[in-house]
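A.B. asks: Input structure: input-v3.txt, which contains compact mmCIF, C-alpha atoms and all ligand atoms.
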# COMPACT_ATOMS: atom_id res chain seq x y z
CA MET A 9 0.00 0.00 0.00
CA THR A 10 1.29 3.45 -0.85
CA LEU A 11 1.08 5.56 2.26
CA ASN A 12 2.27 8.91 1.02
CA GLN A 13 0.89 10.65 -2.08
CA ASN A 14 1.54 14.02 -3.63
CA ASP A 15 -1.87 15.72 -3.83
CA GLY A 16 -0.86 18.00 -6.71
CA THR A 17 -0.18 21.01 -4.50
CA GLY A 18 3.25 19.84 -3.54
CA ARG A 19 2.00 18.65 -0.16
CA ILE A 20 2.52 15.03 0.76
CA THR A 21 -0.69 13.42 2.01
CA CYS A 22 -1.24 10.12 3.73
CA PRO A 23 -4.60 8.42 2.99
CA VAL A 24 -4.55 6.35 6.17
CA LEU A 25 -4.10 9.41 8.35
CA MET A 26 -6.66 11.36 6.32
CA VAL A 27 -9.28 8.66 6.83
CA GLN A 28 -8.41 8.52 10.49
CA ARG A 29 -8.87 12.29 10.82
CA ARG A 30 -12.01 12.36 8.69
CA PHE A 31 -13.71 9.69 10.80
CA TRP A 32 -12.29 10.68 14.15
CA LYS A 33 -15.49 12.56 14.92
CA GLY A 34 -18.84 10.82 15.06
CA SER A 35 -21.85 11.87 13.04
CA GLY A 36 -21.57 15.51 14.08
CA ALA A 37 -21.31 14.33 17.67
CA MET A 38 -18.69 15.01 20.30
CA GLU A 39 -15.09 14.24 19.50
CA ARG A 40 -13.23 11.34 20.97
CA THR A 41 -11.39 12.11 24.25
CA LEU A 42 -8.69 9.52 24.77
CA GLU A 43 -8.31 7.84 28.15
CA PRO A 44 -4.97 6.35 29.26
CA GLU A 45 -4.12 3.27 27.22
CA VAL A 46 -2.99 0.80 29.88
CA MET A 47 -4.96 0.20 33.11
CA ASP A 48 -2.18 -0.11 35.63
CA GLY A 49 -3.33 1.92 38.65
CA GLU A 50 -3.64 -0.43 41.63
CA GLU A 51 -7.02 0.96 42.75
CA GLN A 52 -8.32 1.08 39.19
CA VAL A 53 -7.35 -2.56 38.59
CA ARG A 54 -8.80 -3.69 41.92
CA ALA A 55 -12.12 -1.93 41.19
CA TYR A 56 -12.26 -3.45 37.70
CA ALA A 57 -11.35 -6.97 38.86
CA HIS A 58 -13.97 -6.85 41.65
CA ALA A 59 -16.74 -5.50 39.41
CA ASP A 60 -19.51 -7.83 38.37
CA PHE A 61 -19.32 -8.19 34.58
CA ALA A 62 -20.76 -11.71 34.70
CA GLU A 63 -23.77 -11.07 32.48
CA GLU A 64 -21.88 -9.05 29.87
CA ASN A 65 -18.86 -11.40 29.79
CA GLN A 66 -20.96 -14.58 29.68
CA GLY A 67 -23.05 -13.03 26.90
CA PHE A 68 -19.86 -12.33 24.94
CA VAL A 69 -18.62 -15.91 25.43
CA ASP A 70 -22.01 -17.41 24.53
CA GLN A 71 -22.06 -15.33 21.36
CA PHE A 72 -18.62 -16.67 20.37
CA LEU A 73 -19.68 -20.27 21.05
CA ASP A 74 -22.96 -19.81 19.11
CA LEU A 75 -21.27 -18.13 16.15
CA TYR A 76 -18.55 -20.75 15.80
CA PRO A 77 -19.95 -24.16 16.82
CA ASP A 78 -17.39 -25.98 14.63
CA PHE A 79 -14.44 -24.25 16.24
CA GLN A 80 -13.67 -26.98 18.76
CA GLU A 81 -9.88 -27.02 18.92
CA GLY A 82 -7.15 -24.44 18.81
CA THR A 83 -5.83 -21.36 20.59
CA VAL A 84 -7.92 -18.24 21.03
CA LEU A 85 -6.00 -14.99 21.40
CA ASP A 86 -7.66 -12.56 23.85
CA LEU A 87 -6.35 -9.04 23.24
CA GLY A 88 -6.46 -6.94 26.43
CA CYS A 89 -7.55 -9.92 28.54
CA GLY A 90 -7.72 -7.95 31.82
CA PRO A 91 -8.39 -10.19 34.85
CA ALA A 92 -9.10 -13.19 32.55
CA ASP A 93 -12.79 -13.58 33.35
CA ILE A 94 -13.60 -14.07 29.67
CA PRO A 95 -10.85 -16.67 29.01
CA ILE A 96 -12.03 -18.65 32.05
CA ARG A 97 -15.69 -18.55 30.97
CA LEU A 98 -14.69 -19.50 27.42
CA LEU A 99 -12.72 -22.55 28.56
CA ARG A 100 -15.54 -23.65 30.83
CA GLY A 101 -17.89 -23.39 27.85
CA ARG A 102 -15.59 -25.24 25.46
CA PRO A 103 -13.01 -27.29 27.37
CA THR A 104 -11.13 -28.37 24.25
CA LEU A 105 -9.78 -24.87 23.53
CA HIS A 106 -6.70 -23.04 24.77
CA VAL A 107 -6.36 -19.28 25.35
CA THR A 108 -3.45 -16.88 25.05
CA GLY A 109 -4.33 -13.75 27.03
CA VAL A 110 -2.34 -10.57 26.43
CA ASP A 111 -2.43 -7.45 28.57
CA ALA A 112 0.07 -4.64 28.98
CA SER A 113 -0.80 -4.05 32.65
CA GLY A 114 1.30 -5.81 35.29
CA PRO A 115 -1.39 -5.63 38.02
CA MET A 116 -4.03 -6.86 35.56
CA ILE A 117 -1.90 -9.86 34.56
CA GLN A 118 -1.33 -10.62 38.24
CA TRP A 119 -5.11 -10.73 38.84
CA ALA A 120 -5.46 -12.89 35.74
CA GLU A 121 -2.82 -15.33 36.99
CA GLU A 122 -4.52 -15.67 40.37
CA ALA A 123 -7.94 -16.19 38.76
CA MET A 124 -6.49 -18.75 36.36
CA HIS A 125 -4.97 -20.74 39.25
CA ARG A 126 -8.20 -20.54 41.27
CA ALA A 127 -10.03 -21.96 38.24
CA GLY A 128 -7.40 -24.70 37.83
CA LEU A 129 -6.83 -23.65 34.22
CA GLN A 130 -3.10 -22.97 34.27
CA GLY A 131 -2.47 -25.71 31.71
CA ARG A 132 -4.84 -24.12 29.19
CA ILE A 133 -4.32 -20.39 29.58
CA ARG A 134 -1.05 -18.69 28.68
CA LEU A 135 -0.76 -15.12 29.93
CA ILE A 136 1.57 -12.58 28.37
CA ARG A 137 2.27 -9.14 29.75
CA GLN A 138 2.92 -7.08 26.65
CA ARG A 139 1.44 -4.30 24.52
CA PHE A 140 -0.41 -6.06 21.72
CA GLN A 141 1.32 -3.72 19.24
CA GLU A 142 4.61 -5.50 20.03
CA LEU A 143 3.22 -9.03 20.16
CA ARG A 144 4.44 -11.64 17.64
CA LEU A 145 2.91 -15.11 17.61
CA ASP A 146 4.38 -18.18 15.97
CA PRO A 147 2.22 -19.99 15.07
CA PRO A 148 -0.52 -17.39 14.71
CA ALA A 149 -3.72 -17.74 16.76
CA ASP A 150 -6.64 -19.88 15.56
CA ALA A 151 -9.18 -17.26 16.69
CA VAL A 152 -9.16 -13.72 18.12
CA ILE A 153 -11.42 -12.19 20.74
CA SER A 154 -11.28 -8.83 22.47
CA ASN A 155 -13.67 -7.07 24.81
CA SER A 156 -13.30 -3.42 25.79
CA LEU A 157 -9.74 -2.92 24.57
CA ALA A 158 -10.32 -0.94 21.36
CA HIS A 159 -11.41 2.27 23.10
CA HIS A 160 -8.09 2.37 24.99
CA VAL A 161 -6.05 2.38 21.81
CA PRO A 162 -5.00 5.78 20.40
CA ASN A 163 -4.60 4.49 16.85
CA PRO A 164 -7.45 2.11 15.87
CA PHE A 165 -5.54 0.90 12.81
CA GLN A 166 -2.95 -0.69 15.09
CA PHE A 167 -5.75 -2.61 16.75
CA TRP A 168 -7.26 -3.94 13.50
CA TYR A 169 -3.79 -4.65 12.08
CA ALA A 170 -3.12 -6.87 15.11
CA VAL A 171 -6.45 -8.69 14.69
CA LYS A 172 -5.58 -9.31 11.07
CA THR A 173 -1.95 -10.35 11.38
CA LEU A 174 -1.89 -12.28 14.67
CA ALA A 175 -4.49 -14.80 13.44
CA LYS A 176 -4.46 -17.53 10.81
CA PRO A 177 -6.39 -16.93 7.59
CA ALA A 178 -10.13 -17.61 8.12
CA ALA A 179 -9.77 -17.38 11.90
CA PRO A 180 -13.04 -16.67 13.77
CA VAL A 181 -13.15 -13.22 15.32
CA LEU A 182 -15.36 -11.60 17.97
CA ILE A 183 -14.63 -8.06 19.10
CA MET A 184 -16.84 -5.98 21.37
CA ASP A 185 -16.43 -2.46 22.66
CA LEU A 186 -18.30 0.62 23.81
CA LEU A 187 -20.08 3.10 21.54
CA ARG A 188 -19.28 6.77 21.98
CA PRO A 189 -22.49 8.68 22.80
CA ASP A 190 -23.38 11.97 21.11
CA THR A 191 -22.82 14.18 24.15
CA GLU A 192 -21.21 14.17 27.58
CA GLU A 193 -24.71 14.29 29.07
CA ASP A 194 -25.62 11.10 27.22
CA ALA A 195 -22.45 9.46 28.54
CA GLN A 196 -23.31 10.47 32.10
CA ALA A 197 -26.86 9.15 31.64
CA LEU A 198 -25.46 5.74 30.61
CA VAL A 199 -23.21 5.69 33.66
CA ASP A 200 -26.18 6.53 35.88
CA ARG A 201 -28.36 3.89 34.22
CA TYR A 202 -25.89 0.99 34.16
CA ALA A 203 -23.45 1.71 36.99
CA ALA A 204 -25.59 3.54 39.55
CA ASP A 205 -24.44 1.46 42.51
CA GLU A 206 -20.83 0.91 41.47
CA PRO A 207 -17.82 2.47 43.25
CA ASP A 208 -16.76 5.97 42.11
CA GLN A 209 -13.59 4.65 40.47
CA LEU A 210 -15.58 2.32 38.24
CA ARG A 211 -18.17 4.98 37.39
CA GLN A 212 -15.41 7.44 36.42
CA ASP A 213 -13.63 4.81 34.32
CA PHE A 214 -16.91 3.93 32.56
CA TYR A 215 -17.58 7.61 31.79
CA HIS A 216 -14.07 8.18 30.40
CA SER A 217 -14.26 4.92 28.43
CA LEU A 218 -17.48 6.09 26.76
CA LEU A 219 -15.81 9.37 25.76
CA SER A 220 -12.82 7.46 24.38
CA ALA A 221 -14.88 4.95 22.40
CA PHE A 222 -15.58 4.86 18.66
CA THR A 223 -18.86 5.37 16.86
CA GLU A 224 -20.34 2.70 14.60
CA ASP A 225 -19.45 4.79 11.52
CA GLU A 226 -15.85 5.10 12.64
CA VAL A 227 -15.52 1.35 13.21
CA ALA A 228 -17.02 0.65 9.78
CA ALA A 229 -14.53 3.07 8.23
CA HIS A 230 -11.61 1.46 10.05
CA LEU A 231 -12.65 -1.99 8.82
CA ALA A 232 -12.97 -0.73 5.25
CA GLU A 233 -9.58 0.96 5.39
CA MET A 234 -7.96 -2.23 6.69
CA ASN A 235 -9.64 -4.35 4.01
CA LEU A 236 -11.67 -6.12 6.70
CA SER A 237 -15.10 -5.31 5.28
CA ARG A 238 -16.08 -8.97 5.31
CA LEU A 239 -16.41 -8.64 9.07
CA LEU A 240 -19.88 -7.64 10.22
CA ILE A 241 -20.58 -4.84 12.65
CA ASP A 242 -23.64 -4.93 14.86
CA VAL A 243 -24.99 -2.59 17.55
CA PRO A 244 -26.83 -4.88 19.97
CA ASP A 245 -27.78 -2.25 22.57
CA ASP A 246 -27.39 1.42 23.51
CA ARG A 247 -23.69 1.23 24.46
CA HIS A 248 -21.89 -1.52 22.52
CA TRP A 249 -20.73 -2.43 19.03
CA VAL A 250 -19.78 -5.98 18.10
CA VAL A 251 -17.67 -7.11 15.13
CA SER A 252 -17.69 -10.76 14.06
CA GLY A 253 -16.74 -12.96 11.14
CA ARG A 254 -13.56 -14.50 9.81
CA VAL A 255 -10.34 -12.63 9.03
CA TYR A 256 -8.46 -13.20 5.80
C1 LIG A 301 -11.42 -2.41 30.00
S1 LIG A 301 -10.20 -3.62 30.19
C2 LIG A 301 -10.97 -5.05 29.48
C3 LIG A 301 -10.45 -6.32 30.09
C4 LIG A 301 -11.12 -7.61 29.59
N1 LIG A 301 -11.04 -7.76 28.16
C5 LIG A 301 -12.55 -7.70 30.04
O1 LIG A 301 -13.45 -7.65 29.20
O2 LIG A 301 -12.78 -7.84 31.25
C6 LIG A 301 -9.00 -3.20 28.92
C7 LIG A 301 -7.66 -3.89 29.12
O3 LIG A 301 -6.81 -3.65 27.99
C8 LIG A 301 -5.49 -3.45 28.46
N2 LIG A 301 -4.72 -2.72 27.45
C9 LIG A 301 -4.83 -1.42 27.12
N3 LIG A 301 -3.97 -1.12 26.12
C10 LIG A 301 -3.31 -2.26 25.83
C11 LIG A 301 -2.29 -2.58 24.89
N4 LIG A 301 -1.78 -1.69 24.06
N5 LIG A 301 -1.86 -3.88 24.83
C12 LIG A 301 -2.37 -4.81 25.69
N6 LIG A 301 -3.31 -4.54 26.60
C13 LIG A 301 -3.78 -3.29 26.67
C14 LIG A 301 -5.67 -2.70 29.76
O4 LIG A 301 -4.54 -2.78 30.58
C15 LIG A 301 -6.91 -3.40 30.34
O5 LIG A 301 -6.55 -4.48 31.15
Please, can you express the file's structure as structure tokens?
Ligand SMILES: C[S@@+](CC[C@H](N)C(=O)[O-])C[C@H]1O[C@@H](n2cnc3c(N)ncnc32)[C@H](O)[C@@H]1O
C.D. replies:
Amino acid sequence: MTLNQNDGTGRITCPVLMVQRRFWKGSGAMERTLEPEVMDGEEQVRAYAHADFAEENQGFVDQFLDLYPDFQEGTVLDLGCGPADIPIRLLRGRPTLHVTGVDASGPMIQWAEEAMHRAGLQGRIRLIRQRFQELRLDPPADAVISNSLAHHVPNPFQFWYAVKTLAKPAAPVLIMDLLRPDTEEDAQALVDRYAADEPDQLRQDFYHSLLSAFTEDEVAAHLAEMNLSRLLIDVPDDRHWVVSGRVY
């Protein structure tokens, strides 16, 4: 792919960056406000690991199992695995699989290791503390999942590049993340609706995550730019987008 082009005025332009800038804003809605990429504050990690994401995480795992009933063996790469609740649920749902969980946060990987041992799954989960942008896998993964990582990533093309290159051709994919609301008031209303009784730290993180998230149009544009348009994007509720399909 040619990254730099002369636009006839003598300026050098870069289509990838232009698309990124053009779609950075939602449909006339508020701009994206980035939150810190890695979750490595001790209190932040403790609040996240103690939070009850059972319904959302089990729903994500059930969707993967329903979408790919023939995917019975192989290694699933979980990008931004956090405290490993999703890998553990996935392996309980399909005991023939293995998971490689990657997270850049030391405290998060420590929680994941403890949870993995408590679940007795240390033989089937491999945890790696690393930024996914630097990860190399040989052999590549047989499937890729990721929940709630994309909104942490400053450059979304790095995220989709990793999904594409860290997996084998035709690997099943399931990615879920938050949708950026139109206004800060809408974001606050979602926090009040879905996290009313949660600790302040979690409510603040949820609010900042919503402001840092992508819109459906932006995700569709990122997929098109990365030649991943075969993947399907769905908006199942008022605060999530889900991308599924097979990567080639
Ligand atoms: C909101 S948590 C989601 C955790 C888990 N997927 C879940 O659903 O419970 C996002 C995680 O991504 C990790 N993360 C952020 N940027 C990362 C990067 N560049 N490489 C690897 N992990 C990253 C954070 O440290 C954090 O643990």
A.B. asks: How many Å separate atom CA of A:Phe140 from atom CA of A:Glu81?
C.D. replies: 23.2 Å
A.B. asks: Tell me which protein, DNA and RNA residues are within 8 Å of stretch 91-100 of chain A, counting all atoms listed in the file, leaving out same-chain ones fewer than 4 positions away, and put them as a list of chain:residue names.
C.D. replies: A:Ala57, A:Asn65, A:Gln66, A:Val69, A:Asp86, A:Thr104, A:Leu105, A:His106, A:Val107, A:Gly109, A:Met116, A:Ile117, A:Gln118, A:Trp119, A:Ala120, A:Glu121, A:Ala123, A:Met124, A:Ala127, A:Leu129, A:Ile133
A.B. asks: Which residues sit within 7 Å of ligand LIG 301 (chain A), counting all atoms listed in the file, listed as a ChimeraX atom specification?
C.D. replies: /A:45-48,65,87-94,110-113,116,138-141,154-157,160-161
A.B. asks: To one decimal place, how far is atom CA of A:Pro180 from atom CA of A:Phe79 in Å?
C.D. replies: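 Atom CA of A:Phe79 lies 8.1 Å from atom CA of A:Pro180.
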A.B. asks: Please work out which residues fall within 8 Å of (-18.5, 3.6, 23.3), coordinates as given in the file, with only C-alpha atoms counting, and return them as a PDB file with C-alpha atoms, keeping the file's coordinate frame.
C.D. replies:
ATOM      1  CA  HIS A 159     -11.410   2.270  23.100  1.00  0.00           C
ATOM      2  CA  ASP A 185     -16.430  -2.460  22.660  1.00  0.00           C
ATOM      3  CA  LEU A 186     -18.300   0.620  23.810  1.00  0.00           C
ATOM      4  CA  LEU A 187     -20.080   3.100  21.540  1.00  0.00           C
ATOM      5  CA  ARG A 188     -19.280   6.770  21.980  1.00  0.00           C
ATOM      6  CA  PRO A 189     -22.490   8.680  22.800  1.00  0.00           C
ATOM      7  CA  SER A 217     -14.260   4.920  28.430  1.00  0.00           C
ATOM      8  CA  LEU A 218     -17.480   6.090  26.760  1.00  0.00           C
ATOM      9  CA  LEU A 219     -15.810   9.370  25.760  1.00  0.00           C
ATOM     10  CA  SER A 220     -12.820   7.460  24.380  1.00  0.00           C
ATOM     11  CA  ALA A 221     -14.880   4.950  22.400  1.00  0.00           C
ATOM     12  CA  PHE A 222     -15.580   4.860  18.660  1.00  0.00           C
ATOM     13  CA  THR A 223     -18.860   5.370  16.860  1.00  0.00           C
ATOM     14  CA  ARG A 247     -23.690   1.230  24.460  1.00  0.00           C
ATOM     15  CA  HIS A 248     -21.890  -1.520  22.520  1.00  0.00           C
ATOM     16  CA  TRP A 249     -20.730  -2.430  19.030  1.00  0.00           C
TER      17      TRP A 249
END
A.B. asks: Find the distance between atom CA of A:Glu226 and atom CA of A:Pro164 and write it in Å to one decimal.
C.D. replies: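 Between these atoms lies a distance of 9.5 Å.
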A.B. asks: Counting only C-alpha atoms, which of A:Ala195, A:Met184, A:Ala149, A:Val171 gets nearest to A:Glu64?
C.D. replies: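 Distance minimum relative to A:Glu64 lands on A:Met184.
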A.B. asks: Point out the residue among A:Ile153, A:Ala175, A:Val199, A:Ala59 with the least atom-to-atom distance to A:Tyr256, counting all atoms listed in the file.
C.D. replies: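 Looking at the shortest contact to A:Tyr256, the residue is A:Ala175.
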A.B. asks: Kindly indicate which residue among A:Val255, A:Leu85, A:Leu210, A:Val243 lies nearest to A:Phe61, using only C-alpha atoms for the distances.
C.D. replies: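 Of A:Val255, A:Leu85, A:Leu210, A:Val243, the one nearest A:Phe61 is A:Leu210, counting only C-alpha atoms.
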A.B. asks: List the neighbours of A:Arg134 out to 8 Å using all atoms listed in the file; skip same-chain residues closer than 2 positions along the sequence, and give me the result as a ChimeraX atom specification.
C.D. replies: /A:107-109,130-132,136
A.B. asks: Compare A:Ala197, A:Leu239, A:Val84, A:Ala228 by their minimum atom-to-atom distance to A:Val251, counting only C-alpha atoms, and give me the closest one.
C.D. replies: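 Smallest distance to A:Val251 is found for A:Leu239.
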A.B. asks: Can you tell me which residues surround A:Ala179 at a distance of at most 6 Å, considering all atoms listed in the file, apart from same-chain residues fewer than 3 positions away, and format the answer as number ranges by chain?
C.D. replies: A: 150-151, 176, 254-255
A.B. asks: Using only C-alpha atoms, can you tell me which of A:Gln212, A:Ala158, A:Pro77, A:Met234 comes closest to A:Leu198?
C.D. replies: A:Gln212
A.B. asks: Looking at A:Ile241, A:Leu135, A:Ala55, A:Ala62, which one is nearest to A:Gln209, with distances taken over all atoms listed in the file?
C.D. replies: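 Among A:Ile241, A:Leu135, A:Ala55, A:Ala62, it is A:Ala55 that comes nearest to A:Gln209.
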A.B. asks: Need the shell around A:Gly49: protein/DNA/RNA residues with any atom at most 8 Å away, counting all atoms listed in the file. Skip same-chain ones fewer than 3 positions apart. Format as a PyMOL selection string?
C.D. replies: chain A and resi 52-53+115
